[in-house]
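Enquirer: One file: protein-v2.cif (mmCIF, C-alpha atoms, pLDDT in the B column; chains and numbers go by the auth columns).
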```cif
data_input
#
loop_
_atom_site.group_PDB
_atom_site.id
_atom_site.type_symbol
_atom_site.label_atom_id
_atom_site.label_comp_id
_atom_site.label_asym_id
_atom_site.label_seq_id
_atom_site.Cartn_x
_atom_site.Cartn_y
_atom_site.Cartn_z
_atom_site.B_iso_or_equiv
_atom_site.auth_seq_id
_atom_site.auth_asym_id
ATOM 1 C CA MET A 1 156.521 -44.990 131.229 52.00 136 H
ATOM 2 C CA SER A 2 156.769 -47.723 128.588 59.00 137 H
ATOM 3 C CA GLU A 3 160.064 -49.475 127.942 74.00 138 H
ATOM 4 C CA PHE A 4 161.295 -50.783 124.601 81.00 139 H
ATOM 5 C CA ARG A 5 162.622 -54.325 124.624 88.00 140 H
ATOM 6 C CA TYR A 6 164.349 -56.422 121.993 92.00 141 H
ATOM 7 C CA ALA A 7 163.247 -59.583 123.835 90.00 142 H
ATOM 8 C CA GLN A 8 166.644 -61.191 123.270 95.00 143 H
ATOM 9 C CA TYR A 9 168.581 -63.057 125.942 96.00 144 H
ATOM 10 C CA CYS A 10 171.794 -61.205 125.184 97.00 145 H
ATOM 11 C CA PRO A 11 173.768 -58.777 127.383 96.00 146 H
ATOM 12 C CA LEU A 12 174.408 -56.397 124.471 95.00 147 H
ATOM 13 C CA ALA A 13 170.710 -56.298 123.652 96.00 148 H
ATOM 14 C CA ARG A 14 169.892 -55.579 127.294 94.00 149 H
ATOM 15 C CA ALA A 15 172.491 -52.801 127.444 95.00 150 H
ATOM 16 C CA THR A 16 171.089 -51.281 124.253 94.00 151 H
ATOM 17 C CA GLU A 17 167.591 -51.302 125.746 94.00 152 H
ATOM 18 C CA ILE A 18 168.869 -49.181 128.636 94.00 153 H
ATOM 19 C CA VAL A 19 171.284 -46.754 126.965 94.00 154 H
ATOM 20 C CA GLY A 20 170.474 -46.963 123.256 94.00 155 H
ATOM 21 C CA GLU A 21 167.843 -44.215 123.091 93.00 156 H
ATOM 22 C CA ARG A 22 168.780 -40.812 121.686 95.00 157 H
ATOM 23 C CA TRP A 23 170.518 -38.519 124.235 97.00 158 H
ATOM 24 C CA THR A 24 170.960 -41.248 126.874 97.00 159 H
ATOM 25 C CA LEU A 25 174.684 -41.846 126.348 97.00 160 H
ATOM 26 C CA LEU A 26 175.299 -38.097 126.269 98.00 161 H
ATOM 27 C CA VAL A 27 173.486 -37.676 129.591 98.00 162 H
ATOM 28 C CA ILE A 28 175.814 -40.329 131.015 98.00 163 H
ATOM 29 C CA ARG A 29 178.813 -38.543 129.471 97.00 164 H
ATOM 30 C CA GLU A 30 177.895 -35.357 131.321 97.00 165 H
ATOM 31 C CA LEU A 31 177.546 -37.186 134.626 97.00 166 H
ATOM 32 C CA LEU A 32 180.875 -38.953 134.131 96.00 167 H
ATOM 33 C CA LEU A 33 182.344 -35.463 134.370 94.00 168 H
ATOM 34 C CA GLY A 34 180.588 -34.827 137.699 94.00 169 H
ATOM 35 C CA PRO A 35 177.162 -34.261 139.310 96.00 170 H
ATOM 36 C CA LYS A 36 174.865 -31.913 137.411 97.00 171 H
ATOM 37 C CA ARG A 37 171.634 -30.008 137.941 96.00 172 H
ATOM 38 C CA PHE A 38 168.867 -30.350 135.391 97.00 173 H
ATOM 39 C CA SER A 39 169.712 -26.874 134.078 96.00 174 H
ATOM 40 C CA ASP A 40 173.375 -27.871 133.694 96.00 175 H
ATOM 41 C CA LEU A 41 172.345 -30.819 131.551 97.00 176 H
ATOM 42 C CA ARG A 42 170.055 -28.684 129.394 97.00 177 H
ATOM 43 C CA ARG A 43 172.869 -26.197 128.768 95.00 178 H
ATOM 44 C CA ALA A 44 175.388 -28.907 127.832 94.00 179 H
ATOM 45 C CA LEU A 45 172.899 -30.720 125.580 96.00 180 H
ATOM 46 C CA PRO A 46 171.461 -28.071 123.251 95.00 181 H
ATOM 47 C CA GLY A 47 168.643 -29.546 121.244 94.00 182 H
ATOM 48 C CA VAL A 48 167.233 -31.836 123.922 97.00 183 H
ATOM 49 C CA SER A 49 163.738 -30.894 125.074 97.00 184 H
ATOM 50 C CA THR A 50 162.758 -30.652 128.728 97.00 185 H
ATOM 51 C CA SER A 51 160.346 -33.560 128.372 97.00 186 H
ATOM 52 C CA VAL A 52 162.877 -35.847 126.660 97.00 187 H
ATOM 53 C CA LEU A 53 165.581 -35.065 129.209 98.00 188 H
ATOM 54 C CA SER A 54 163.157 -35.706 132.078 97.00 189 H
ATOM 55 C CA ASP A 55 162.191 -39.024 130.499 96.00 190 H
ATOM 56 C CA ARG A 56 165.813 -40.143 130.032 97.00 191 H
ATOM 57 C CA LEU A 57 166.722 -39.206 133.599 97.00 192 H
ATOM 58 C CA ALA A 58 163.706 -41.066 134.983 96.00 193 H
ATOM 59 C CA ARG A 59 164.531 -44.213 133.004 95.00 194 H
ATOM 60 C CA LEU A 60 168.173 -44.158 134.097 97.00 195 H
ATOM 61 C CA GLU A 61 167.149 -43.589 137.713 96.00 196 H
ATOM 62 C CA ASP A 62 164.748 -46.555 137.580 94.00 197 H
ATOM 63 C CA ARG A 63 167.626 -48.762 136.422 94.00 198 H
ATOM 64 C CA GLY A 64 170.029 -47.519 139.094 95.00 199 H
ATOM 65 C CA VAL A 65 172.309 -45.955 136.488 97.00 200 H
ATOM 66 C CA ILE A 66 171.893 -42.521 138.078 98.00 201 H
ATOM 67 C CA VAL A 67 170.734 -41.262 141.472 97.00 202 H
ATOM 68 C CA ARG A 68 169.271 -37.973 142.638 96.00 203 H
ATOM 69 C CA ARG A 69 170.703 -36.053 145.568 94.00 204 H
ATOM 70 C CA GLU A 70 169.058 -33.070 147.260 93.00 205 H
ATOM 71 C CA LEU A 71 171.304 -30.248 148.426 90.00 206 H
ATOM 72 C CA PRO A 72 170.135 -28.528 151.633 89.00 207 H
ATOM 73 C CA PRO A 73 169.638 -24.762 152.150 87.00 208 H
ATOM 74 C CA PRO A 74 170.947 -22.107 151.807 87.00 209 H
ATOM 75 C CA THR A 75 171.349 -23.200 148.160 85.00 210 H
ATOM 76 C CA PRO A 76 168.887 -26.065 147.732 88.00 211 H
ATOM 77 C CA ALA A 77 169.129 -27.943 144.451 92.00 212 H
ATOM 78 C CA THR A 78 168.589 -31.356 142.947 95.00 213 H
ATOM 79 C CA LEU A 79 171.752 -32.974 141.633 97.00 214 H
ATOM 80 C CA TYR A 80 171.952 -35.949 139.320 98.00 215 H
ATOM 81 C CA GLU A 81 174.973 -38.203 139.583 98.00 216 H
ATOM 82 C CA LEU A 82 176.025 -41.658 138.490 97.00 217 H
ATOM 83 C CA GLY A 83 175.097 -44.644 140.606 97.00 218 H
ATOM 84 C CA GLU A 84 177.071 -47.867 140.797 95.00 219 H
ATOM 85 C CA HIS A 85 175.739 -49.134 137.453 96.00 220 H
ATOM 86 C CA GLY A 86 176.503 -45.800 135.826 96.00 221 H
ATOM 87 C CA ARG A 87 180.083 -45.660 137.095 96.00 222 H
ATOM 88 C CA GLY A 88 180.572 -49.144 135.693 96.00 223 H
ATOM 89 C CA MET A 89 180.059 -47.720 132.206 96.00 224 H
ATOM 90 C CA LEU A 90 183.274 -45.675 132.249 96.00 225 H
ATOM 91 C CA PRO A 91 185.460 -48.242 130.399 96.00 226 H
ATOM 92 C CA ALA A 92 182.813 -48.736 127.707 96.00 227 H
ATOM 93 C CA MET A 93 182.316 -44.978 127.315 96.00 228 H
ATOM 94 C CA LEU A 94 186.049 -44.395 126.929 96.00 229 H
ATOM 95 C CA GLU A 95 186.292 -47.113 124.279 96.00 230 H
ATOM 96 C CA LEU A 96 183.347 -45.585 122.412 95.00 231 H
ATOM 97 C CA ALA A 97 185.111 -42.209 122.547 94.00 232 H
ATOM 98 C CA ARG A 98 188.289 -43.753 121.117 93.00 233 H
ATOM 99 C CA TRP A 99 186.289 -45.328 118.307 93.00 234 H
ATOM 100 C CA GLY A 100 184.312 -42.153 117.603 92.00 235 H
ATOM 101 C CA ALA A 101 187.384 -39.914 117.439 88.00 236 H
ATOM 102 C CA ARG A 102 188.219 -41.198 113.958 85.00 237 H
ATOM 103 C CA PHE A 103 185.014 -39.577 112.673 86.00 238 H
ATOM 104 C CA LEU A 104 185.544 -36.127 114.207 81.00 239 H
ATOM 105 C CA ALA A 105 186.690 -34.788 110.848 74.00 240 H
ATOM 106 C CA GLU A 106 183.103 -35.242 109.654 72.00 241 H
ATOM 107 C CA SER A 107 181.848 -32.743 112.254 68.00 242 H
ATOM 108 C CA GLY A 108 180.408 -29.415 111.167 68.00 243 H
ATOM 109 C CA SER A 109 182.075 -26.097 111.918 70.00 244 H
ATOM 110 C CA GLY A 110 179.074 -24.996 113.987 80.00 245 H
ATOM 111 C CA ASP A 111 179.047 -28.018 116.272 85.00 246 H
ATOM 112 C CA HIS A 112 178.550 -27.249 119.964 87.00 247 H
ATOM 113 C CA PHE A 113 181.570 -27.902 122.182 87.00 248 H
ATOM 114 C CA GLU A 114 181.966 -28.010 125.942 89.00 249 H
ATOM 115 C CA PRO A 115 185.557 -27.579 127.200 87.00 250 H
ATOM 116 C CA ALA A 116 184.982 -30.249 129.870 89.00 251 H
ATOM 117 C CA TRP A 117 184.663 -32.821 127.085 92.00 252 H
ATOM 118 C CA LEU A 118 188.356 -32.301 126.414 91.00 253 H
ATOM 119 C CA ARG A 119 189.219 -33.955 129.732 92.00 254 H
ATOM 120 C CA LEU A 120 187.126 -37.016 128.917 93.00 255 H
ATOM 121 C CA GLY A 121 188.661 -37.227 125.455 92.00 256 H
ATOM 122 C CA PHE A 122 192.218 -37.212 126.774 95.00 257 H
ATOM 123 C CA THR A 123 191.286 -39.765 129.432 96.00 258 H
ATOM 124 C CA ALA A 124 190.175 -42.090 126.629 96.00 259 H
ATOM 125 C CA PHE A 125 193.591 -41.868 124.951 96.00 260 H
ATOM 126 C CA ALA A 126 195.812 -41.837 128.063 97.00 261 H
ATOM 127 C CA ARG A 127 198.613 -44.393 127.775 97.00 262 H
ATOM 128 C CA LYS A 128 198.532 -47.254 130.267 96.00 263 H
ATOM 129 C CA THR A 129 202.231 -48.045 129.853 97.00 264 H
ATOM 130 C CA PRO A 130 205.118 -45.950 131.269 97.00 265 H
ATOM 131 C CA THR A 131 205.264 -42.427 129.883 97.00 266 H
ATOM 132 C CA PRO A 132 207.632 -39.457 130.336 97.00 267 H
ATOM 133 C CA ALA A 133 207.477 -37.988 133.828 96.00 268 H
ATOM 134 C CA ARG A 134 206.116 -34.688 132.580 96.00 269 H
ATOM 135 C CA SER A 135 203.097 -32.787 133.863 97.00 270 H
ATOM 136 C CA PHE A 136 200.902 -30.314 132.004 97.00 271 H
ATOM 137 C CA ALA A 137 198.174 -27.973 133.171 96.00 272 H
ATOM 138 C CA ILE A 138 195.528 -27.540 130.461 95.00 273 H
ATOM 139 C CA ARG A 139 193.649 -24.240 130.431 93.00 274 H
ATOM 140 C CA VAL A 140 190.867 -23.419 127.964 90.00 275 H
ATOM 141 C CA ASP A 141 190.441 -19.680 127.396 90.00 276 H
ATOM 142 C CA GLY A 142 187.369 -18.316 129.144 87.00 277 H
ATOM 143 C CA HIS A 143 186.506 -21.590 130.864 87.00 278 H
ATOM 144 C CA PRO A 144 188.329 -21.876 134.219 86.00 279 H
ATOM 145 C CA GLU A 145 185.859 -24.554 135.342 84.00 280 H
ATOM 146 C CA ALA A 146 187.298 -26.863 132.676 86.00 281 H
ATOM 147 C CA ASP A 147 190.912 -26.792 133.932 91.00 282 H
ATOM 148 C CA PHE A 148 192.628 -30.172 134.197 94.00 283 H
ATOM 149 C CA ASN A 149 196.098 -31.667 134.505 96.00 284 H
ATOM 150 C CA VAL A 150 197.843 -34.393 132.535 97.00 285 H
ATOM 151 C CA GLY A 151 200.822 -36.192 134.042 97.00 286 H
ATOM 152 C CA GLY A 152 203.045 -39.052 132.935 97.00 287 H
ATOM 153 C CA GLY A 153 205.105 -41.562 134.870 97.00 288 H
ATOM 154 C CA GLY A 154 205.833 -45.223 135.442 97.00 289 H
ATOM 155 C CA ALA A 155 202.161 -46.133 135.833 96.00 290 H
ATOM 156 C CA GLY A 156 201.148 -44.415 132.599 97.00 291 H
ATOM 157 C CA THR A 157 199.288 -41.174 132.011 98.00 292 H
ATOM 158 C CA ALA A 158 196.833 -39.715 134.510 96.00 293 H
ATOM 159 C CA VAL A 159 194.236 -37.063 133.657 96.00 294 H
ATOM 160 C CA GLN A 160 192.910 -35.192 136.682 93.00 295 H
ATOM 161 C CA GLU A 161 190.319 -32.481 137.148 90.00 296 H
ATOM 162 C CA GLY A 162 191.291 -29.125 138.640 83.00 297 H
ATOM 163 C CA SER A 163 194.455 -27.089 138.874 78.00 298 H
ATOM 164 C CA ALA A 164 197.848 -28.254 140.084 81.00 299 H
ATOM 165 C CA ARG A 165 201.472 -27.280 139.638 87.00 300 H
ATOM 166 C CA ALA A 166 202.962 -28.553 136.389 95.00 301 H
ATOM 167 C CA ASP A 167 206.105 -28.398 134.259 96.00 302 H
ATOM 168 C CA ALA A 168 204.192 -26.373 131.681 97.00 303 H
ATOM 169 C CA THR A 169 200.784 -24.748 131.348 96.00 304 H
ATOM 170 C CA LEU A 170 199.166 -25.099 127.924 96.00 305 H
ATOM 171 C CA ARG A 171 196.606 -22.422 127.098 95.00 306 H
ATOM 172 C CA VAL A 172 194.293 -22.946 124.124 92.00 307 H
ATOM 173 C CA ALA A 173 191.238 -21.329 122.594 86.00 308 H
ATOM 174 C CA SER A 174 189.906 -24.524 121.005 82.00 309 H
ATOM 175 C CA PRO A 175 190.488 -28.276 121.387 82.00 310 H
ATOM 176 C CA THR A 176 191.559 -28.867 117.800 85.00 311 H
ATOM 177 C CA ALA A 177 195.227 -27.995 118.233 89.00 312 H
ATOM 178 C CA LEU A 178 195.618 -30.073 121.408 91.00 313 H
ATOM 179 C CA PHE A 179 194.139 -33.178 119.780 89.00 314 H
ATOM 180 C CA ALA A 180 196.297 -32.622 116.692 90.00 315 H
ATOM 181 C CA LEU A 181 199.394 -32.283 118.891 93.00 316 H
ATOM 182 C CA ALA A 182 198.569 -35.463 120.830 93.00 317 H
ATOM 183 C CA ALA A 183 197.990 -37.335 117.556 91.00 318 H
ATOM 184 C CA ARG A 184 201.270 -36.046 116.086 92.00 319 H
ATOM 185 C CA ARG A 185 199.475 -34.271 113.258 91.00 320 H
ATOM 186 C CA LEU A 186 200.782 -30.930 114.569 93.00 321 H
ATOM 187 C CA ALA A 187 204.413 -30.435 115.531 95.00 322 H
ATOM 188 C CA PRO A 188 205.042 -28.704 118.890 95.00 323 H
ATOM 189 C CA GLU A 189 207.025 -25.865 117.333 95.00 324 H
ATOM 190 C CA ALA A 190 204.309 -25.273 114.727 95.00 325 H
ATOM 191 C CA ALA A 191 201.626 -25.207 117.423 94.00 326 H
ATOM 192 C CA VAL A 192 203.507 -22.531 119.358 95.00 327 H
ATOM 193 C CA ARG A 193 204.516 -20.525 116.292 95.00 328 H
ATOM 194 C CA SER A 194 200.929 -20.328 115.055 94.00 329 H
ATOM 195 C CA GLY A 195 199.647 -19.270 118.480 94.00 330 H
ATOM 196 C CA ALA A 196 197.262 -22.244 118.621 94.00 331 H
ATOM 197 C CA ILE A 197 198.944 -23.332 121.875 96.00 332 H
ATOM 198 C CA ARG A 198 200.550 -20.892 124.293 96.00 333 H
ATOM 199 C CA VAL A 199 203.070 -22.381 126.693 97.00 334 H
ATOM 200 C CA GLU A 200 203.928 -21.037 130.143 96.00 335 H
ATOM 201 C CA GLY A 201 206.798 -22.689 131.986 96.00 336 H
ATOM 202 C CA ASP A 202 209.112 -25.278 130.454 96.00 337 H
ATOM 203 C CA ALA A 203 208.511 -24.909 126.708 94.00 338 H
ATOM 204 C CA ALA A 204 210.749 -27.914 125.984 95.00 339 H
ATOM 205 C CA ALA A 205 208.268 -30.143 127.827 96.00 340 H
ATOM 206 C CA LEU A 206 205.846 -29.756 124.926 96.00 341 H
ATOM 207 C CA ASP A 207 207.934 -32.203 122.880 96.00 342 H
ATOM 208 C CA ASP A 208 206.919 -34.954 125.320 97.00 343 H
ATOM 209 C CA PHE A 209 203.183 -34.204 125.243 97.00 344 H
ATOM 210 C CA PRO A 210 202.338 -36.647 122.412 96.00 345 H
ATOM 211 C CA GLU A 211 204.177 -39.424 124.276 97.00 346 H
ATOM 212 C CA LEU A 212 201.521 -39.343 126.975 97.00 347 H
ATOM 213 C CA PHE A 213 198.772 -40.549 124.647 96.00 348 H
ATOM 214 C CA ASP A 214 197.960 -43.575 122.534 94.00 349 H
ATOM 215 C CA MET A 215 196.339 -41.688 119.688 87.00 350 H
ATOM 216 C CA ALA A 216 196.603 -42.621 116.024 72.00 351 H
ATOM 217 C CA PRO A 217 197.301 -39.803 113.537 66.00 352 H
ATOM 218 C CA ASP A 218 193.841 -40.250 111.999 64.00 353 H
ATOM 219 C CA ALA A 219 192.078 -39.810 115.370 61.00 354 H
#
```
Any chance you could put this one into structure tokens?
Expert:
Amino acid sequence: MSEFRYAQYCPLARATEIVGERWTLLVIRELLLGPKRFSDLRRALPGVSTSVLSDRLARLEDRGVIVRRELPPPTPATLYELGEHGRGMLPAMLELARWGARFLAESGSGDHFEPAWLRLGFTAFARKTPTPARSFAIRVDGHPEADFNVGGGGAGTAVQEGSARADATLRVASPTALFALAARRLAPEAAVRSGAIRVEGDAAALDDFPELFDMAPDA
């Protein structure tokens, strides 16, 4: 397995050698969301071939960015998960997501979307300064595995996987309205009136939702 090198004594060049190939950062994105089987990665990355995915996983494993774990019977499986070097990429990945959000308007209408990416996107924009002590359960129609919670407080905004009690449950069919609400491009009352966001619980809490995020209107 040959390895491309820039032959430059520079940390950015070295990082690019490891993660700069096509699909590599997206493999890491998937594993930031949790351990995955090979088939899980193929499903979340339509367009990647089996051989390319195998190559990227092998390269990342050689570098200690990811590790393989074997699950025992009765349901044996090979799981890929981030190693220490991979987990260290989280701040850089979140900053890349913040930067990339400004170009989402250029996306095509047929672009593939995984509801779990919503959690990573909101993590990237979570405020680190005190925010309203409100909590929201986010539910994406037809995808219970993608449920997550967003909560504010004195330490800033926390985004957590799974289900938990909240002031309000926000149910959506697509991510567009939630991002627009967080970026203040969509008013809470307009989101509810249009049916883009359905609120269960304290409907007044929706007014505080944008306060939990540091998202520019053009994001």
Enquirer: Considering all atoms listed in the file, state which residue in the set H:Val275, H:Leu167, H:Leu347, H:Leu231 is at the smallest distance from Gly287 (chain H).
Expert: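 Among the listed residues, the smallest separation from Gly287 (chain H) belongs to H:Leu347.
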Enquirer: Using all atoms listed in the file, which residues sit within 12 Å of region 148-162 of chain H once same-chain residues fewer than 2 positions away are excluded, as a PyMOL selection string?
Expert: chain H and resi 137-146+164-173+175-185+187-201+215-217+220-221+224-225+227-229+231-232+252
Enquirer: Quick one, how far is CA of Glu230 (chain H) from CA of Ile332 (chain H)?
Expert: 27.0 Å
Enquirer: For CA of Asn284 (chain H) and CA of Arg222 (chain H), quote the distance in Å rounded to one decimal.
Expert: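 According to the coordinates, CA of Asn284 (chain H) and CA of Arg222 (chain H) are separated by 21.4 Å.
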Enquirer: Any idea what the distance is between CA of Ala290 (chain H) and CA of Ala259 (chain H)?
Expert: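 Distance between the two atoms: 15.6 Å.
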Enquirer: Nearest residue to Gly286 (chain H) out of H:Arg319, H:Arg262, H:Arg274, H:Arg269, using all atoms listed in the file?
Expert: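 Checking each candidate against Gly286 (chain H), we get H:Arg269 as the closest.
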Enquirer: Which residues match the PyMOL selection byres ((chain H and resi 330) around 12) in the file above, as a list in words?
Expert: Leu305, Arg306, Val307, Ala308, Ser309, Ala312, Leu313, Pro323, Glu324, Ala325, Ala326, Val327, Arg328, Ser329, Ala331, Ile332, Arg333 and Val334 of chain H
Enquirer: The selected residues should be written to file as a CSV table (one decimal), keeping the file's coordinate frame (atoms: C-alpha atoms).
Expert:
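out_29.csv was written with the following content:
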```csv
chain,number,residue,atom,x,y,z
H,305,LEU,CA,199.2,-25.1,127.9
H,306,ARG,CA,196.6,-22.4,127.1
H,307,VAL,CA,194.3,-22.9,124.1
H,308,ALA,CA,191.2,-21.3,122.6
H,309,SER,CA,189.9,-24.5,121.0
H,312,ALA,CA,195.2,-28.0,118.2
H,313,LEU,CA,195.6,-30.1,121.4
H,323,PRO,CA,205.0,-28.7,118.9
H,324,GLU,CA,207.0,-25.9,117.3
H,325,ALA,CA,204.3,-25.3,114.7
H,326,ALA,CA,201.6,-25.2,117.4
H,327,VAL,CA,203.5,-22.5,119.4
H,328,ARG,CA,204.5,-20.5,116.3
H,329,SER,CA,200.9,-20.3,115.1
H,331,ALA,CA,197.3,-22.2,118.6
H,332,ILE,CA,198.9,-23.3,121.9
H,333,ARG,CA,200.6,-20.9,124.3
H,334,VAL,CA,203.1,-22.4,126.7
```
Enquirer: Carefully work through the PyMOL selection byres ((chain H and resi 315) around 12) for this structure and note down the residues it includes, as a PyMOL selection string.
Expert: chain H and resi 236+239-240+257+309-314+316-323+325-326+331-332+344-345+348+350-354
Enquirer: For the residues selected in the previous step, produce a file with C-alpha atoms as an mmCIF file, keeping the file's coordinate frame.
Expert:
```
data_model
loop_
_atom_site.group_PDB
_atom_site.id
_atom_site.type_symbol
_atom_site.label_atom_id
_atom_site.label_comp_id
_atom_site.auth_asym_id
_atom_site.auth_seq_id
_atom_site.Cartn_x
_atom_site.Cartn_y
_atom_site.Cartn_z
ATOM 1 C CA ALA H 236 187.384 -39.914 117.439
ATOM 2 C CA LEU H 239 185.544 -36.127 114.207
ATOM 3 C CA ALA H 240 186.690 -34.788 110.848
ATOM 4 C CA PHE H 257 192.218 -37.212 126.774
ATOM 5 C CA SER H 309 189.906 -24.524 121.005
ATOM 6 C CA PRO H 310 190.488 -28.276 121.387
ATOM 7 C CA THR H 311 191.559 -28.867 117.800
ATOM 8 C CA ALA H 312 195.227 -27.995 118.233
ATOM 9 C CA LEU H 313 195.618 -30.073 121.408
ATOM 10 C CA PHE H 314 194.139 -33.178 119.780
ATOM 11 C CA LEU H 316 199.394 -32.283 118.891
ATOM 12 C CA ALA H 317 198.569 -35.463 120.830
ATOM 13 C CA ALA H 318 197.990 -37.335 117.556
ATOM 14 C CA ARG H 319 201.270 -36.046 116.086
ATOM 15 C CA ARG H 320 199.475 -34.271 113.258
ATOM 16 C CA LEU H 321 200.782 -30.930 114.569
ATOM 17 C CA ALA H 322 204.413 -30.435 115.531
ATOM 18 C CA PRO H 323 205.042 -28.704 118.890
ATOM 19 C CA ALA H 325 204.309 -25.273 114.727
ATOM 20 C CA ALA H 326 201.626 -25.207 117.423
ATOM 21 C CA ALA H 331 197.262 -22.244 118.621
ATOM 22 C CA ILE H 332 198.944 -23.332 121.875
ATOM 23 C CA PHE H 344 203.183 -34.204 125.243
ATOM 24 C CA PRO H 345 202.338 -36.647 122.412
ATOM 25 C CA PHE H 348 198.772 -40.549 124.647
ATOM 26 C CA MET H 350 196.339 -41.688 119.688
ATOM 27 C CA ALA H 351 196.603 -42.621 116.024
ATOM 28 C CA PRO H 352 197.301 -39.803 113.537
ATOM 29 C CA ASP H 353 193.841 -40.250 111.999
ATOM 30 C CA ALA H 354 192.078 -39.810 115.370
#
```
Enquirer: If you count all atoms listed in the file, which residues fall within 7 Å of region 295-297 of chain H, apart from same-chain ones fewer than 3 positions away, as a compact mmCIF listing (two decimals) with C-alpha atoms, in the frame of the given file?
Expert:
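File result-v6.txt, as written:
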```txt
# COMPACT_ATOMS: atom_id res chain seq x y z
CA ASP H 282 190.91 -26.79 133.93
CA PHE H 283 192.63 -30.17 134.20
CA ASN H 284 196.10 -31.67 134.50
CA VAL H 285 197.84 -34.39 132.54
```
Enquirer: I'd like to know which of H:Pro250, H:Pro207, H:Pro265, H:Gly256 is closest to His278 (chain H), using all atoms listed in the file.
Expert: H:Pro250
Enquirer: Point out the residue among H:Asp343, H:Val202, H:Gly291, H:Thr258 with the least atom-to-atom distance to Arg233 (chain H), counting all atoms listed in the file.
Expert: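 Smallest separation from Arg233 (chain H) among the options: H:Thr258.
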Enquirer: Please write out, as AutoDock Vina command-line options, where the centre of an axis-aligned box around all listed atoms of region 226-244 of chain H lies and how long its edges are, in Å to one decimal, after adding 3 Å on each side.
Expert:
```
--center_x 184.3 --center_y -37.4 --center_z 120.0 --size_x 13.9 --size_y 28.6 --size_z 26.7
```
Enquirer: I need the residue nearest Thr213 (chain H) from this list: H:Ser174, H:Phe260, H:Arg237, H:Ala338. Use all atoms listed in the file for the distance.
Expert: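 Among the listed residues, the smallest separation from Thr213 (chain H) belongs to H:Ser174.
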Enquirer: Take the PyMOL selection byres ((chain H and resi 337) around 6), apply it to the structure above, and return the hits as an MDAnalysis selection string.
Expert: chainID H and resid 302:303 336 338:340
Enquirer: Please determine, counting all atoms listed in the file, which residue among H:Gly235, H:Gly289, H:Gly218, H:Gly277 has the shortest atom-to-atom distance to Thr264 (chain H).
Expert: H:Gly289
Enquirer: Just want the 6 Å neighbourhood of Ala301 (chain H), counted on only C-alpha atoms, with same-chain residues fewer than 2 positions away dropped. Output as JSON, numbers by chain.
Expert: {"H": [270, 271, 272, 303]}
